[in-house]
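Trainee: Coordinates in entry.txt, compact mmCIF, C-alpha atoms and all ligand atoms, are listed below.
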```txt
# COMPACT_ATOMS: atom_id res chain seq x y z
CA MET A 1 0.00 0.00 0.00
CA GLY A 2 1.24 3.47 -0.87
CA ASN A 3 1.32 6.52 1.32
CA GLU A 4 -0.86 8.64 -0.94
CA ARG A 5 -4.60 8.94 -0.50
CA ILE A 6 -6.37 7.88 -3.65
CA TYR A 7 -9.64 8.95 -5.25
CA ASN A 8 -12.11 6.44 -3.95
CA PHE A 9 -15.30 6.24 -5.97
CA SER A 10 -16.89 3.65 -3.70
CA ALA A 11 -20.69 3.60 -3.46
CA GLY A 12 -20.41 3.21 0.31
CA PRO A 13 -18.78 3.32 2.73
CA SER A 14 -17.14 6.13 0.85
CA MET A 15 -14.74 9.03 1.14
CA LEU A 16 -14.86 11.36 4.12
CA PRO A 17 -13.45 14.89 3.88
CA LEU A 18 -9.70 14.89 4.55
CA GLU A 19 -10.16 17.81 6.99
CA VAL A 20 -12.52 15.64 9.04
CA LEU A 21 -10.16 12.67 9.13
CA THR A 22 -7.23 14.91 10.05
CA ARG A 23 -9.12 16.50 12.91
CA ALA A 24 -10.42 13.16 14.18
CA GLY A 25 -6.85 11.88 14.00
CA ALA A 26 -5.53 14.78 16.03
CA GLU A 27 -8.16 14.17 18.72
CA ILE A 28 -8.15 10.41 18.65
CA THR A 29 -6.33 9.65 21.90
CA ASN A 30 -7.41 12.68 23.91
CA TYR A 31 -10.58 14.47 22.93
CA GLN A 32 -10.30 18.14 23.88
CA GLY A 33 -8.49 17.54 27.15
CA SER A 34 -10.89 14.87 28.38
CA GLY A 35 -7.99 12.41 28.65
CA MET A 36 -9.75 9.83 26.50
CA SER A 37 -10.89 9.06 23.00
CA VAL A 38 -14.52 9.62 21.99
CA MET A 39 -14.48 5.86 21.35
CA GLU A 40 -13.79 5.23 25.04
CA MET A 41 -16.31 7.63 26.57
CA SER A 42 -19.49 6.84 28.42
CA HIS A 43 -22.43 7.89 26.33
CA ARG A 44 -23.90 9.29 29.55
CA SER A 45 -20.90 11.53 30.21
CA LYS A 46 -21.17 15.33 30.04
CA VAL A 47 -18.49 15.46 27.36
CA PHE A 48 -20.30 13.05 25.08
CA GLN A 49 -23.71 14.57 25.80
CA LYS A 50 -22.34 17.86 24.49
CA ILE A 51 -21.04 16.19 21.31
CA PHE A 52 -24.45 14.60 20.84
CA ASP A 53 -26.44 17.80 21.48
CA ASP A 54 -24.18 19.95 19.30
CA THR A 55 -24.29 17.46 16.43
CA LYS A 56 -28.07 17.20 16.57
CA ALA A 57 -28.43 21.00 16.71
CA LYS A 58 -26.07 21.43 13.75
CA PHE A 59 -27.98 18.86 11.73
CA LYS A 60 -31.31 20.51 12.58
CA LYS A 61 -30.00 23.90 11.50
CA LEU A 62 -28.26 22.72 8.34
CA MET A 63 -31.24 20.68 7.13
CA ASN A 64 -33.84 23.20 8.37
CA VAL A 65 -35.68 20.53 10.34
CA PRO A 66 -38.95 21.99 11.71
CA ASP A 67 -39.72 21.77 15.44
CA ASP A 68 -42.50 19.23 15.00
CA TYR A 69 -39.97 16.69 13.75
CA GLU A 70 -37.53 14.60 15.78
CA ILE A 71 -34.04 13.68 14.66
CA LEU A 72 -32.98 10.18 15.73
CA PHE A 73 -29.45 8.77 15.67
CA LEU A 74 -29.92 5.00 15.47
CA GLN A 75 -28.07 1.81 14.59
CA GLY A 76 -28.92 -1.04 12.25
CA GLY A 77 -28.32 0.70 8.93
CA ALA A 78 -30.89 1.98 6.51
CA SER A 79 -32.04 -1.61 5.97
CA THR A 80 -33.34 -1.90 9.53
CA GLN A 81 -35.72 0.94 8.72
CA PHE A 82 -37.15 -1.19 5.90
CA SER A 83 -38.84 -3.13 8.74
CA ALA A 84 -39.26 -0.24 11.19
CA ILE A 85 -41.25 1.83 8.70
CA PRO A 86 -44.18 -0.59 8.24
CA LEU A 87 -44.08 -1.59 11.90
CA ASN A 88 -44.37 2.02 13.05
CA LEU A 89 -46.67 3.38 10.37
CA ILE A 90 -48.89 0.80 8.77
CA GLY A 91 -51.29 0.55 11.70
CA ALA A 92 -53.18 3.60 10.46
CA THR A 93 -54.94 1.70 7.64
CA GLY A 94 -52.99 -1.53 7.11
CA LYS A 95 -52.02 -0.39 3.60
CA ALA A 96 -48.93 1.24 2.13
CA ASP A 97 -47.77 2.09 -1.38
CA TYR A 98 -44.23 1.79 -2.71
CA ALA A 99 -42.43 3.29 -5.69
CA VAL A 100 -40.03 0.56 -6.82
CA THR A 101 -37.28 2.34 -8.73
CA GLY A 102 -34.18 0.34 -7.88
CA ASN A 103 -32.41 -2.13 -5.66
CA PHE A 104 -33.11 -0.68 -2.23
CA SER A 105 -36.73 0.34 -2.79
CA SER A 106 -37.34 -3.17 -4.08
CA LEU A 107 -35.85 -4.63 -0.88
CA ALA A 108 -37.91 -2.23 1.25
CA TYR A 109 -41.06 -3.22 -0.65
CA LYS A 110 -40.40 -6.94 -0.15
CA GLU A 111 -39.82 -6.45 3.55
CA ALA A 112 -42.96 -4.34 4.01
CA LYS A 113 -45.10 -7.08 2.42
CA LYS A 114 -44.75 -9.05 5.66
CA TYR A 115 -46.73 -6.43 7.51
CA GLY A 116 -49.78 -5.49 5.49
CA ASP A 117 -51.42 -4.77 2.16
CA ILE A 118 -48.56 -3.32 0.16
CA ALA A 119 -49.03 -2.08 -3.41
CA VAL A 120 -46.53 -1.04 -6.04
CA ALA A 121 -47.51 2.58 -6.73
CA VAL A 122 -45.16 2.69 -9.69
CA SER A 123 -42.18 0.71 -10.97
CA SER A 124 -39.31 1.42 -13.36
CA GLU A 125 -38.44 -2.24 -13.78
CA ASP A 126 -39.75 -2.24 -17.39
CA GLN A 127 -36.63 -0.32 -18.45
CA ASP A 128 -34.08 -1.81 -16.04
CA HIS A 129 -34.59 1.02 -13.55
CA SER A 130 -32.88 3.44 -15.90
CA TYR A 131 -35.37 6.24 -15.23
CA ILE A 132 -37.50 7.91 -12.59
CA PRO A 133 -41.26 7.71 -13.25
CA THR A 134 -43.29 10.88 -13.69
CA GLN A 135 -45.86 12.10 -11.21
CA GLU A 136 -48.63 11.06 -13.65
CA GLN A 137 -47.47 7.43 -13.53
CA ILE A 138 -47.76 7.16 -9.75
CA VAL A 139 -50.91 5.65 -8.26
CA VAL A 140 -51.30 6.35 -4.55
CA ARG A 141 -54.29 4.84 -2.80
CA PRO A 142 -55.96 7.57 -0.76
CA ASP A 143 -56.22 5.21 2.22
CA ALA A 144 -52.57 4.18 2.20
CA SER A 145 -50.85 4.76 5.56
CA TYR A 146 -47.83 6.08 3.71
CA PHE A 147 -46.16 6.34 0.31
CA TYR A 148 -42.55 5.19 0.12
CA TYR A 149 -39.79 6.09 -2.32
CA CYS A 150 -36.02 6.15 -2.52
CA ALA A 151 -34.70 9.60 -3.52
CA ASN A 152 -31.47 8.39 -5.08
CA ASN A 153 -30.98 4.93 -6.54
CA THR A 154 -27.41 4.15 -5.60
CA VAL A 155 -27.07 1.04 -7.77
CA TYR A 156 -28.73 2.30 -10.97
CA GLY A 157 -27.60 5.92 -10.79
CA THR A 158 -30.99 7.61 -10.99
CA GLU A 159 -32.31 10.39 -8.75
CA TRP A 160 -35.76 11.88 -8.23
CA GLN A 161 -35.75 15.47 -9.43
CA TYR A 162 -39.10 16.24 -7.85
CA VAL A 163 -40.96 15.46 -4.65
CA PRO A 164 -43.92 13.19 -5.39
CA GLU A 165 -47.40 14.51 -4.62
CA THR A 166 -49.42 12.07 -2.55
CA GLY A 167 -52.64 13.94 -1.85
CA GLY A 168 -52.09 13.99 1.90
CA VAL A 169 -50.71 10.46 2.31
CA PRO A 170 -47.54 10.74 4.49
CA LEU A 171 -44.37 10.66 2.43
CA VAL A 172 -41.56 8.32 3.53
CA CYS A 173 -38.19 8.65 1.85
CA ASP A 174 -34.88 6.77 1.84
CA MET A 175 -32.23 9.48 1.36
CA SER A 176 -29.25 7.29 2.22
CA SER A 177 -27.25 8.21 -0.84
CA ASN A 178 -28.11 11.88 -1.38
CA ILE A 179 -28.86 13.33 2.04
CA CYS A 180 -27.26 16.75 2.58
CA SER A 181 -26.38 17.07 -1.10
CA ARG A 182 -29.41 19.19 -1.99
CA GLN A 183 -31.98 21.36 -0.27
CA VAL A 184 -35.02 19.51 1.02
CA ASP A 185 -38.30 20.90 2.30
CA ILE A 186 -38.65 18.58 5.28
CA SER A 187 -42.21 19.74 5.94
CA LYS A 188 -43.35 17.82 2.85
CA TYR A 189 -42.29 14.54 4.46
CA GLY A 190 -43.53 12.26 7.18
CA VAL A 191 -40.27 10.35 7.56
CA ILE A 192 -36.82 10.71 6.02
CA PHE A 193 -34.11 8.20 6.82
CA ALA A 194 -30.53 7.59 5.75
CA GLY A 195 -27.66 5.29 6.51
CA ALA A 196 -24.72 7.61 7.19
CA GLN A 197 -21.99 5.83 5.26
CA LYS A 198 -22.56 7.46 1.86
CA ASN A 199 -22.60 11.16 2.60
CA LEU A 200 -22.25 11.79 6.30
CA ALA A 201 -20.20 9.55 8.57
CA PRO A 202 -18.77 6.04 9.00
CA ALA A 203 -21.09 3.03 8.76
CA GLY A 204 -23.02 2.32 11.95
CA LEU A 205 -25.23 5.39 12.19
CA THR A 206 -28.71 5.73 10.71
CA ILE A 207 -30.45 9.07 10.83
CA VAL A 208 -34.25 9.11 11.00
CA ILE A 209 -36.16 12.39 10.77
CA VAL A 210 -39.72 11.67 11.84
CA LYS A 211 -42.73 13.92 12.15
CA LYS A 212 -43.57 13.45 15.81
CA GLU A 213 -47.31 12.97 15.29
CA LEU A 214 -46.60 9.89 13.14
CA ALA A 215 -44.70 8.10 15.92
CA GLY A 216 -46.36 6.24 18.78
CA HIS A 217 -48.86 4.27 16.66
CA GLN A 218 -46.64 1.22 16.11
CA ASP A 219 -47.78 -2.38 15.99
CA PRO A 220 -47.71 -3.69 19.60
CA LYS A 221 -45.24 -6.41 18.54
CA THR A 222 -42.73 -3.87 17.21
CA PRO A 223 -39.32 -4.69 18.69
CA LEU A 224 -38.39 -2.12 21.30
CA MET A 225 -35.28 -1.11 19.35
CA LEU A 226 -37.34 -0.37 16.24
CA THR A 227 -39.92 1.73 18.05
CA TRP A 228 -39.44 5.35 17.07
CA GLN A 229 -41.56 6.61 19.99
CA THR A 230 -39.21 4.98 22.51
CA MET A 231 -36.22 6.52 20.80
CA ILE A 232 -37.94 9.93 20.72
CA GLU A 233 -38.66 9.75 24.45
CA LYS A 234 -35.08 8.67 25.21
CA ASP A 235 -33.49 11.11 22.73
CA SER A 236 -31.90 8.17 20.83
CA MET A 237 -30.29 6.91 24.05
CA TYR A 238 -32.51 4.06 25.13
CA ASN A 239 -29.29 2.11 24.73
CA THR A 240 -25.77 3.01 23.63
CA PRO A 241 -25.90 5.10 20.48
CA PRO A 242 -23.18 4.90 17.79
CA CYS A 243 -21.05 7.46 19.65
CA TRP A 244 -18.04 7.58 17.35
CA CYS A 245 -20.18 7.97 14.23
CA ILE A 246 -22.15 10.79 15.83
CA TYR A 247 -18.90 12.57 16.66
CA ILE A 248 -17.66 12.22 13.07
CA LEU A 249 -21.03 13.39 11.79
CA GLY A 250 -20.53 16.57 13.83
CA LEU A 251 -17.17 17.15 12.13
CA VAL A 252 -18.66 16.48 8.69
CA LEU A 253 -21.44 18.99 9.40
CA ASP A 254 -18.83 21.63 10.37
CA TRP A 255 -17.10 20.90 7.07
CA LEU A 256 -20.40 21.16 5.18
CA GLU A 257 -21.02 24.55 6.78
CA GLU A 258 -17.65 25.69 5.45
CA GLN A 259 -18.70 24.62 1.94
CA GLY A 260 -21.63 27.05 2.12
CA GLY A 261 -24.04 24.69 3.85
CA ILE A 262 -26.47 22.64 1.79
CA PRO A 263 -27.04 25.39 -0.86
CA GLY A 264 -23.26 25.60 -1.32
CA MET A 265 -22.89 21.84 -1.52
CA GLU A 266 -25.78 21.61 -3.97
CA LYS A 267 -23.87 23.82 -6.43
CA ILE A 268 -20.58 22.00 -5.94
CA LYS A 269 -21.99 18.50 -6.33
CA HIS A 270 -24.08 19.45 -9.35
CA GLY A 271 -21.02 20.98 -11.02
CA LYS A 272 -19.03 17.78 -10.43
CA ALA A 273 -21.78 15.56 -11.85
CA GLN A 274 -22.37 17.82 -14.84
CA MET A 275 -18.67 17.76 -15.68
CA LEU A 276 -18.61 13.97 -15.63
CA TYR A 277 -21.84 13.52 -17.61
CA ASP A 278 -20.58 15.95 -20.25
CA VAL A 279 -17.40 13.97 -20.74
CA ILE A 280 -19.31 10.68 -21.01
CA ASP A 281 -21.89 12.16 -23.42
CA ASN A 282 -19.13 13.59 -25.59
CA SER A 283 -17.09 10.40 -25.71
CA ARG A 284 -17.08 7.86 -28.54
CA LEU A 285 -16.95 4.77 -26.35
CA PHE A 286 -19.16 5.45 -23.36
CA THR A 287 -22.87 5.82 -22.73
CA CYS A 288 -24.74 6.58 -19.52
CA ALA A 289 -26.87 3.85 -17.99
CA ALA A 290 -29.42 6.35 -16.65
CA GLN A 291 -31.70 8.31 -18.95
CA PRO A 292 -31.35 12.10 -19.22
CA GLY A 293 -33.61 13.85 -16.75
CA SER A 294 -33.29 10.99 -14.27
CA ARG A 295 -29.52 10.99 -13.79
CA SER A 296 -28.09 11.00 -10.31
CA ASP A 297 -25.61 13.64 -9.17
CA MET A 298 -24.22 11.15 -6.65
CA ASN A 299 -23.78 7.86 -8.55
CA VAL A 300 -22.81 8.15 -12.20
CA THR A 301 -23.37 4.86 -14.05
CA PHE A 302 -21.89 4.36 -17.52
CA ARG A 303 -20.59 1.67 -19.82
CA SER A 304 -18.75 1.00 -23.06
CA ALA A 305 -19.92 -1.28 -25.88
CA THR A 306 -18.53 -4.50 -24.40
CA PRO A 307 -17.92 -6.04 -20.96
CA GLU A 308 -14.31 -6.67 -22.07
CA LEU A 309 -13.69 -3.00 -22.69
CA ASP A 310 -15.38 -2.14 -19.37
CA ALA A 311 -13.02 -4.56 -17.62
CA LYS A 312 -10.04 -2.96 -19.33
CA PHE A 313 -11.23 0.48 -18.25
CA VAL A 314 -11.62 -0.64 -14.64
CA ALA A 315 -8.21 -2.35 -14.58
CA GLU A 316 -6.45 0.70 -16.02
CA SER A 317 -8.32 3.04 -13.67
CA VAL A 318 -6.88 1.15 -10.71
CA GLU A 319 -3.37 1.55 -12.10
CA ALA A 320 -4.06 5.25 -12.54
CA GLY A 321 -4.89 5.64 -8.84
CA PHE A 322 -8.69 5.46 -8.78
CA SER A 323 -10.59 2.85 -6.84
CA ASN A 324 -14.04 1.25 -6.87
CA LEU A 325 -15.14 2.28 -10.37
CA LYS A 326 -16.50 -1.15 -11.22
CA GLY A 327 -20.27 -1.03 -11.56
CA HIS A 328 -22.71 -3.00 -9.43
CA ARG A 329 -23.26 -6.51 -10.83
CA LYS A 330 -26.91 -5.68 -11.50
CA VAL A 331 -26.00 -2.90 -13.92
CA GLY A 332 -22.53 -3.87 -15.10
CA GLY A 333 -20.20 -1.30 -16.62
CA MET A 334 -18.85 1.40 -14.34
CA ARG A 335 -20.14 3.49 -11.49
CA ALA A 336 -18.46 6.60 -10.14
CA SER A 337 -19.91 7.53 -6.78
CA ILE A 338 -19.15 11.19 -6.28
CA TYR A 339 -20.62 12.02 -2.91
CA ASN A 340 -20.13 15.32 -1.10
CA ALA A 341 -16.63 14.45 0.10
CA MET A 342 -15.24 13.61 -3.35
CA PRO A 343 -13.02 16.59 -4.18
CA VAL A 344 -13.68 18.45 -7.46
CA GLU A 345 -10.11 17.57 -8.36
CA GLY A 346 -10.93 13.85 -8.15
CA VAL A 347 -13.72 14.25 -10.70
CA GLU A 348 -11.51 16.40 -12.95
CA LYS A 349 -8.84 13.70 -12.92
CA LEU A 350 -11.41 11.00 -13.67
CA CYS A 351 -12.70 13.09 -16.60
CA SER A 352 -9.19 13.38 -18.04
CA PHE A 353 -8.70 9.65 -17.60
CA ILE A 354 -11.95 8.88 -19.42
CA GLN A 355 -11.00 11.23 -22.27
CA ALA A 356 -7.57 9.62 -22.63
CA PHE A 357 -9.05 6.11 -22.58
CA ASP A 358 -11.64 7.18 -25.15
CA LYS A 359 -8.89 8.42 -27.47
CA ASN A 360 -6.63 5.39 -27.10
CA ASN A 361 -9.12 2.58 -27.53
C1 LIG A 401 -26.63 1.87 0.95
C2 LIG A 401 -28.09 2.05 0.88
C3 LIG A 401 -28.98 1.34 1.69
C4 LIG A 401 -28.52 0.26 2.64
O1 LIG A 401 -27.92 0.84 3.73
P1 LIG A 401 -27.40 -0.04 4.97
O2 LIG A 401 -27.00 1.03 5.93
O3 LIG A 401 -26.27 -0.87 4.47
O4 LIG A 401 -28.53 -0.85 5.45
C5 LIG A 401 -30.32 1.61 1.60
N1 LIG A 401 -30.78 2.54 0.74
C6 LIG A 401 -29.96 3.24 -0.08
C7 LIG A 401 -30.53 4.25 -1.00
C8 LIG A 401 -28.59 3.03 -0.02
O5 LIG A 401 -27.76 3.71 -0.82
```
Give the structure from this file in structure tokens form.
Ligand SMILES: *Cc1c(COP(=O)(O)O)cnc(C)c1O
Mentor:
Amino acid sequence: MGNERIYNFSAGPSMLPLEVLTRAGAEITNYQGSGMSVMEMSHRSKVFQKIFDDTKAKFKKLMNVPDDYEILFLQGGASTQFSAIPLNLIGATGKADYAVTGNFSSLAYKEAKKYGDIAVAVSSEDQDHSYIPTQEQIVVRPDASYFYYCANNTVYGTEWQYVPETGGVPLVCDMSSNICSRQVDISKYGVIFAGAQKNLAPAGLTIVIVKKELAGHQDPKTPLMLTWQTMIEKDSMYNTPPCWCIYILGLVLDWLEEQGGIPGMEKIKHGKAQMLYDVIDNSRLFTCAAQPGSRSDMNVTFRSATPELDAKFVAESVEAGFSNLKGHRKVGGMRASIYNAMPVEGVEKLCSFIQAFDKNN
């Protein structure tokens, strides 16, 4: 292994800002004179409580979370919420509607089917999940307890460019792979959740933003640890929270603030994605997997004419100092995940590499 940091295009866990890692490194054995690492601290200690409160306050401010919502810092990954969502919400009518637009919404849909009458409100499977359906294609039953969608399809590289209208049915959204990359009007949602390891922190932390009035109506058999109401009452500390991840999240949020907050990051990330899509669109060899208008700013999926040429591209990209550009097996080809922490320079270098490969092959 070399001493240089490389441009890591992993879909997750993924790059963290170098400033964050450097600061965490400096504080790793003795956090601000406490004589111990954040990893070694009691979650009930004053020092950790302050880290927790500050991080939550920063997140609330940055994301403009209204007062009638609670922010939870949980464990279990985004996938645990695939079960928690029906368990906490479906009681209202026993029905829920899902937009199936990729890998993770499909998994969430399958899991929810254990708990009630679940309908597919819309699906993009007919075209290999290469697009995001239009509002007109979505059928929401008026008596659904909630409507579920995944804002950014990490595997297929598509992203919703609008917030679906549900006619009053609470909106539930998986934002694991684009949270904090664009401005969101939280008040339109009932529940937003995200695993932290794409855009925010190390794996192990799941953020759930829940409208308080929707919590507390869970199925009586809901496991204690999946009960949002319990976690609201205990401020995410019914048990030990993922302390280290919460601390890193705080550092990432400071860094985000320095980038101009979410509006600043929105411009930066869109510029990076646009640059990459332009190079792919203007190449001879490569095409995008996602259709125009549905393309993700976070996960750019593309391919050449043959799997052999894709393999050659991936192999040469590794030699050139890039990692994790191989696409997900479900899509093939390549995927460049360019989350918030991917420096502009990393995308510029990838663009030059693509152009050179395009010329030489
Ligand atoms: C990565 C990912 C998940 C799964 O997250 P885990 O934390 O591994 O459970 C779910 N949804 C989306 C959109 C993702 O990108």
Trainee: Considering only C-alpha atoms and all ligand atoms, state which residue in the set A:Gly293, A:Pro263, A:Gly25, A:Gly76 is at the smallest distance from ligand LIG 401 (chain A).
Mentor: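 So, comparing all the options, the nearest one is A:Gly76.
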Trainee: Hey, could you pull the box centre and edge lengths for ligand LIG 401 (chain A), axis-aligned, 5 Å padding per side, all listed atoms, to one decimal in Å, as JSON?
Mentor:
```
{"center_x": -28.5, "center_y": 1.7, "center_z": 2.5, "size_x": 14.5, "size_y": 15.1, "size_z": 16.9}
```
Trainee: Considering all atoms listed in the file, can you say which of A:Ala215, A:Cys245, A:Ala203, A:Ile232 comes closest to ligand LIG 401 (chain A)?
Mentor: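 Using all atoms listed in the file, ligand LIG 401 (chain A) sits closest to A:Ala203.
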Trainee: May I have a table of the residues of chain A lying at most 7 Å from ligand LIG 401 (chain A), giving each one's closest pair of atoms and their distance in Å to one decimal, counting only C-alpha atoms and all ligand atoms, ordered by chain and ascending residue number, as a Markdown table?
Mentor:
```
| residue | atom | partner | partner_atom | distance |
| --- | --- | --- | --- | --- |
| A:Gly12 | CA | A:LIG401 | C1 | 6.4 |
| A:Gly76 | CA | A:LIG401 | O4 | 6.8 |
| A:Gly77 | CA | A:LIG401 | O2 | 3.3 |
| A:Ala78 | CA | A:LIG401 | O4 | 3.8 |
| A:Ser79 | CA | A:LIG401 | O4 | 3.6 |
| A:Thr80 | CA | A:LIG401 | O4 | 6.4 |
| A:Phe104 | CA | A:LIG401 | N1 | 5.0 |
| A:Cys150 | CA | A:LIG401 | C7 | 6.0 |
| A:Asn152 | CA | A:LIG401 | C7 | 5.9 |
| A:Asn153 | CA | A:LIG401 | C7 | 5.6 |
| A:Thr154 | CA | A:LIG401 | O5 | 4.8 |
| A:Asp174 | CA | A:LIG401 | C7 | 5.8 |
| A:Met175 | CA | A:LIG401 | C7 | 6.0 |
| A:Ser176 | CA | A:LIG401 | C7 | 4.6 |
| A:Ser177 | CA | A:LIG401 | O5 | 4.5 |
| A:Gly195 | CA | A:LIG401 | O2 | 4.3 |
| A:Gln197 | CA | A:LIG401 | O2 | 7.0 |
| A:Lys198 | CA | A:LIG401 | O5 | 6.9 |
| A:Ala203 | CA | A:LIG401 | O2 | 6.9 |
| A:Thr206 | CA | A:LIG401 | O2 | 6.9 |
```
Trainee: Hey, can you spit out that residue selection with C-alpha atoms as an mmCIF file, in the coordinates of the input?
Mentor:
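What ended up in part_16.cif:
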```cif
data_model
loop_
_atom_site.group_PDB
_atom_site.id
_atom_site.type_symbol
_atom_site.label_atom_id
_atom_site.label_comp_id
_atom_site.auth_asym_id
_atom_site.auth_seq_id
_atom_site.Cartn_x
_atom_site.Cartn_y
_atom_site.Cartn_z
ATOM 1 C CA GLY A 12 -20.410 3.210 0.310
ATOM 2 C CA GLY A 76 -28.920 -1.040 12.250
ATOM 3 C CA GLY A 77 -28.320 0.700 8.930
ATOM 4 C CA ALA A 78 -30.890 1.980 6.510
ATOM 5 C CA SER A 79 -32.040 -1.610 5.970
ATOM 6 C CA THR A 80 -33.340 -1.900 9.530
ATOM 7 C CA PHE A 104 -33.110 -0.680 -2.230
ATOM 8 C CA CYS A 150 -36.020 6.150 -2.520
ATOM 9 C CA ASN A 152 -31.470 8.390 -5.080
ATOM 10 C CA ASN A 153 -30.980 4.930 -6.540
ATOM 11 C CA THR A 154 -27.410 4.150 -5.600
ATOM 12 C CA ASP A 174 -34.880 6.770 1.840
ATOM 13 C CA MET A 175 -32.230 9.480 1.360
ATOM 14 C CA SER A 176 -29.250 7.290 2.220
ATOM 15 C CA SER A 177 -27.250 8.210 -0.840
ATOM 16 C CA GLY A 195 -27.660 5.290 6.510
ATOM 17 C CA GLN A 197 -21.990 5.830 5.260
ATOM 18 C CA LYS A 198 -22.560 7.460 1.860
ATOM 19 C CA ALA A 203 -21.090 3.030 8.760
ATOM 20 C CA THR A 206 -28.710 5.730 10.710
#
```
Trainee: Taking only C-alpha atoms into account, name the residue in A:Ile246, A:Leu309, A:Ala201, A:Val47 that is nearest to A:Asn340.
Mentor: A:Ala201
Trainee: Return the single residue from A:Leu214, A:Met225, A:Val314, A:Leu276 that is closest to A:Gly327, with distances computed using only C-alpha atoms.
Mentor: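 Ranked by minimum distance to A:Gly327, first place goes to A:Val314.
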Trainee: Pick out the residues sitting within 12 Å of A:Asp117, and hand them over as a list in words; count all atoms listed in the file, and ignore anything fewer than 3 positions along from it in its own chain.
Mentor: Pro86, Ile90, Gly91, Ala92, Thr93, Gly94, Lys95, Ala96, Asp97, Tyr98, Tyr109, Lys110, Glu111, Ala112, Lys113, Lys114, Val120, Arg141, Asp143, Ala144, Ser145 and Tyr146 of chain A
Trainee: Can you work out which one of A:Gln274, A:Thr240, A:Asn282, A:Ser187 has the shortest atom-to-atom distance to A:Met63, counting only C-alpha atoms?
Mentor: A:Ser187
Trainee: Work out how far atom CA of A:Glu19 is from atom CA of A:Gly35, in Å to one decimal.
Mentor: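 That distance, rounded to one decimal, is 22.4 Å.
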Trainee: Quick one, how far is atom CA of A:Ala84 from atom CA of A:Gly102?
Mentor: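 Calculated distance between atom CA of A:Ala84 and atom CA of A:Gly102 is 19.7 Å.
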Trainee: So the first atom is atom CA of A:Ala11 and the second is atom CA of A:Leu72; what is the distance between them in Å, to one decimal place?
Mentor: 23.7 Å
Trainee: For a quick check of your reading of the model, name the residues lying within 10 Å of the coordinate (-11.5, 17.2, 14.3), counting only C-alpha atoms, and write them as a PyMOL selection string.
Mentor: chain A and resi 19-28+31-32+247-248+250-252+254-255
Trainee: Could you pull the residues within 12 Å of A:Leu224, counting only C-alpha atoms, minus those fewer than 5 positions along the same chain, as a PDB file with C-alpha atoms, in the coordinates of the input?
Mentor:
```
ATOM      1  CA  ALA A  84     -39.260  -0.240  11.190  1.00  0.00           C
ATOM      2  CA  LEU A  87     -44.080  -1.590  11.900  1.00  0.00           C
ATOM      3  CA  ASN A  88     -44.370   2.020  13.050  1.00  0.00           C
ATOM      4  CA  GLY A 216     -46.360   6.240  18.780  1.00  0.00           C
ATOM      5  CA  GLN A 218     -46.640   1.220  16.110  1.00  0.00           C
ATOM      6  CA  ASP A 219     -47.780  -2.380  15.990  1.00  0.00           C
ATOM      7  CA  GLN A 229     -41.560   6.610  19.990  1.00  0.00           C
ATOM      8  CA  THR A 230     -39.210   4.980  22.510  1.00  0.00           C
ATOM      9  CA  MET A 231     -36.220   6.520  20.800  1.00  0.00           C
ATOM     10  CA  LYS A 234     -35.080   8.670  25.210  1.00  0.00           C
ATOM     11  CA  TYR A 238     -32.510   4.060  25.130  1.00  0.00           C
ATOM     12  CA  ASN A 239     -29.290   2.110  24.730  1.00  0.00           C
TER      13      ASN A 239
END
```
Trainee: (-39.3, 7.6, -12.0) in this file's frame - what residues fall within 10 Å of it? Use all atoms listed in the file and give the answer as an mmCIF file with C-alpha atoms, in the frame of the given file.
Mentor:
```
data_model
loop_
_atom_site.group_PDB
_atom_site.id
_atom_site.type_symbol
_atom_site.label_atom_id
_atom_site.label_comp_id
_atom_site.auth_asym_id
_atom_site.auth_seq_id
_atom_site.Cartn_x
_atom_site.Cartn_y
_atom_site.Cartn_z
ATOM 1 C CA ALA A 99 -42.430 3.290 -5.690
ATOM 2 C CA VAL A 100 -40.030 0.560 -6.820
ATOM 3 C CA THR A 101 -37.280 2.340 -8.730
ATOM 4 C CA GLY A 102 -34.180 0.340 -7.880
ATOM 5 C CA VAL A 122 -45.160 2.690 -9.690
ATOM 6 C CA SER A 123 -42.180 0.710 -10.970
ATOM 7 C CA SER A 124 -39.310 1.420 -13.360
ATOM 8 C CA HIS A 129 -34.590 1.020 -13.550
ATOM 9 C CA SER A 130 -32.880 3.440 -15.900
ATOM 10 C CA TYR A 131 -35.370 6.240 -15.230
ATOM 11 C CA ILE A 132 -37.500 7.910 -12.590
ATOM 12 C CA PRO A 133 -41.260 7.710 -13.250
ATOM 13 C CA THR A 134 -43.290 10.880 -13.690
ATOM 14 C CA GLN A 135 -45.860 12.100 -11.210
ATOM 15 C CA GLN A 137 -47.470 7.430 -13.530
ATOM 16 C CA ILE A 138 -47.760 7.160 -9.750
ATOM 17 C CA TYR A 149 -39.790 6.090 -2.320
ATOM 18 C CA ALA A 151 -34.700 9.600 -3.520
ATOM 19 C CA THR A 158 -30.990 7.610 -10.990
ATOM 20 C CA GLU A 159 -32.310 10.390 -8.750
ATOM 21 C CA TRP A 160 -35.760 11.880 -8.230
ATOM 22 C CA GLN A 161 -35.750 15.470 -9.430
ATOM 23 C CA TYR A 162 -39.100 16.240 -7.850
ATOM 24 C CA PRO A 164 -43.920 13.190 -5.390
ATOM 25 C CA GLY A 293 -33.610 13.850 -16.750
ATOM 26 C CA SER A 294 -33.290 10.990 -14.270
#
```
Trainee: Could you check which of A:Lys330, A:His217, A:Lys359, A:Lys269 is closest to A:Leu285, using only C-alpha atoms?
Mentor: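 Smallest distance to A:Leu285 is found for A:Lys359.
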